[in-house]
Amino acid sequence: MKPHLTQDVLIQYQFDLLEEAQRNEAATHLEECSQCREALEKLKQRFLSLDVLDNEEVLSDQLVQKTIASIHQSKEPELNRRRLWVKWGAIAAGIVLATAIVFIGQDQWQEQSRQVLNTTQMPDDKSLTAPEKDDAHFSNSSRPDMNSPAEPNF
Amino acid sequence: MEHNDRILIEAHCNGSADAFETIIRRHGPAVYGYLVKMVKDTHKADDLFQETFQKAYEKIGDFRGVDLKPWIHAIAANAALTGFRKEKRKHMVSLNSDTSCPDGKHCFDIDNVVLADQKEPSEILEMEEKRRNVRQALMKLPDQQRTTLILSYYQKLTYKQIAEILNCSIGTVKTNMFRALKRLAVLLPESSGGQI
């Protein structure tokens, strides 16, 4: 028979800390050796004392409520920050929109003014040709000849 | 359970006000159990509990798994171990070993927990004595060994899950577990076994 299992091996066996081959070897030995089985049993009993701490601690409803309250409290500054961003974003968007409306309105007003001006200045085709005639007349008869010396017209 | 966790997370992300409270009520008792065993007094456990779920609330939108238990325990373990590191630094500065419980009233005040089933006063006293011994034995373990043992023995997490929680290899987890058990085999009272 192989030598008895050490306490270290028994601990490792009990808490599944051995490699598979070592574990099988220890299991085989335990089947054959009552002394090691007894040692393992004692060890189990000793570790069973850890169970006295099982379920000793109870999570109180008060702590759950406190935790939820603290989460909501910490959420508040973040929400305020978000609200502030939304507020300033809305203001900025409003300014941009207002500026755009002003510019577009101005353009449209200028366009309309130009159209009104055009319609009042150019009611028909004659009025369009008249200045040309005048201009031609001016160029032919009235425009002073820059090359010839100016002569007073008495 | 895991499936329900996913549903709760989705409900929470979709704006359900009650979903996160349900998550706290489902996983809170285990997390609290872990924290109470990890730290000396319940006040500190309460603070760490709030810190844990506060962080869980902030990060839960990023959670992509199905089982919240190891994930929340990872946050709790991180909070507890970070707390210990800070405490140790304070101890080194002040050289005062009692700063964690200055008034001496809160340490182990869980001793005053009333047992659910009424027992004889002598039995209660005996049980309290056993608890105190086991708690003291646990507190003598280094932080990493204690957290490994609690996560494995009490929280029933696998070594693989513990490795993920503590961000280390399974080999390290097994080594810490073995060292903790070897030390406890000496520290634990010999014949105090048995359930309450």
# chains A, B, ... in the order shown; residues from 1 in each chain; ligands from 1

$ interface_residues --of "chain B" --to "chain A" --cutoff "9 Å" --atoms "only C-alpha atoms" --output "PyMOL selection string"
chain B and resi 20-21+24-25+28-30+32-33+36-37+46+49-51+53-54+57+110+113+115+127+130-131+134-135+153-154+174-175+177-178+181-182+184-185+188-196

$ write_last_selection --atoms "C-alpha atoms" --output "PDB file, in the first residue's frame"
ATOM      1  CA  PHE B  20     -33.016  47.767 -11.023  1.00  0.00           C
ATOM      2  CA  GLU B  21     -34.692  47.453  -7.649  1.00  0.00           C
ATOM      3  CA  ILE B  24     -30.890  44.571  -6.084  1.00  0.00           C
ATOM      4  CA  ARG B  25     -33.437  42.395  -4.322  1.00  0.00           C
ATOM      5  CA  GLY B  28     -28.349  41.885  -2.941  1.00  0.00           C
ATOM      6  CA  PRO B  29     -28.494  39.177  -0.252  1.00  0.00           C
ATOM      7  CA  ALA B  30     -25.567  37.211  -1.757  1.00  0.00           C
ATOM      8  CA  TYR B  32     -24.245  41.548   1.201  1.00  0.00           C
ATOM      9  CA  GLY B  33     -23.288  38.129   2.577  1.00  0.00           C
ATOM     10  CA  VAL B  36     -20.176  41.172   5.619  1.00  0.00           C
ATOM     11  CA  LYS B  37     -17.733  38.256   5.651  1.00  0.00           C
ATOM     12  CA  ASP B  46     -23.502  48.709   4.158  1.00  0.00           C
ATOM     13  CA  PHE B  49     -23.051  47.441  -0.658  1.00  0.00           C
ATOM     14  CA  GLN B  50     -24.307  50.862  -1.747  1.00  0.00           C
ATOM     15  CA  GLU B  51     -21.090  51.547  -3.634  1.00  0.00           C
ATOM     16  CA  PHE B  53     -24.898  48.734  -6.670  1.00  0.00           C
ATOM     17  CA  GLN B  54     -24.191  52.351  -7.510  1.00  0.00           C
ATOM     18  CA  TYR B  57     -26.254  50.900 -11.983  1.00  0.00           C
ATOM     19  CA  ILE B 110     -23.454  41.382  13.622  1.00  0.00           C
ATOM     20  CA  VAL B 113     -28.150  39.258  15.175  1.00  0.00           C
ATOM     21  CA  LEU B 115     -31.432  33.885  15.617  1.00  0.00           C
ATOM     22  CA  MET B 127     -23.284  29.659  18.732  1.00  0.00           C
ATOM     23  CA  LYS B 130     -18.449  29.700  17.371  1.00  0.00           C
ATOM     24  CA  ARG B 131     -19.316  32.490  14.975  1.00  0.00           C
ATOM     25  CA  VAL B 134     -14.836  31.518  12.650  1.00  0.00           C
ATOM     26  CA  ARG B 135     -15.006  35.223  11.822  1.00  0.00           C
ATOM     27  CA  TYR B 153     -17.162  28.369  -0.187  1.00  0.00           C
ATOM     28  CA  TYR B 154     -20.068  30.678   0.611  1.00  0.00           C
ATOM     29  CA  LYS B 174      -6.445  27.530  -6.602  1.00  0.00           C
ATOM     30  CA  THR B 175      -3.205  28.516  -4.874  1.00  0.00           C
ATOM     31  CA  MET B 177      -7.782  28.788  -1.983  1.00  0.00           C
ATOM     32  CA  PHE B 178      -5.351  26.086  -0.876  1.00  0.00           C
ATOM     33  CA  LEU B 181      -7.783  26.325   3.642  1.00  0.00           C
ATOM     34  CA  LYS B 182      -4.429  25.202   4.983  1.00  0.00           C
ATOM     35  CA  LEU B 184      -7.977  27.625   8.362  1.00  0.00           C
ATOM     36  CA  ALA B 185      -7.290  23.971   9.118  1.00  0.00           C
ATOM     37  CA  LEU B 188     -10.677  26.762  12.968  1.00  0.00           C
ATOM     38  CA  PRO B 189     -11.879  25.171  16.180  1.00  0.00           C
ATOM     39  CA  GLU B 190     -11.631  21.399  16.007  1.00  0.00           C
ATOM     40  CA  SER B 191     -15.105  20.291  16.974  1.00  0.00           C
ATOM     41  CA  SER B 192     -17.334  23.254  16.276  1.00  0.00           C
ATOM     42  CA  GLY B 193     -18.859  21.929  13.096  1.00  0.00           C
ATOM     43  CA  GLY B 194     -22.516  21.642  12.322  1.00  0.00           C
ATOM     44  CA  GLN B 195     -25.271  23.842  11.048  1.00  0.00           C
ATOM     45  CA  ILE B 196     -27.157  26.324  13.148  1.00  0.00           C
TER      46      ILE B 196
END

$ atom_distance --atom1 "CA of Leu35 (chain B)" --atom2 "CA of Ala137 (chain B)"
16.0 Å

$ atom_distance --atom1 "CA of Arg146 (chain B)" --atom2 "CA of Met38 (chain B)"
7.1 Å
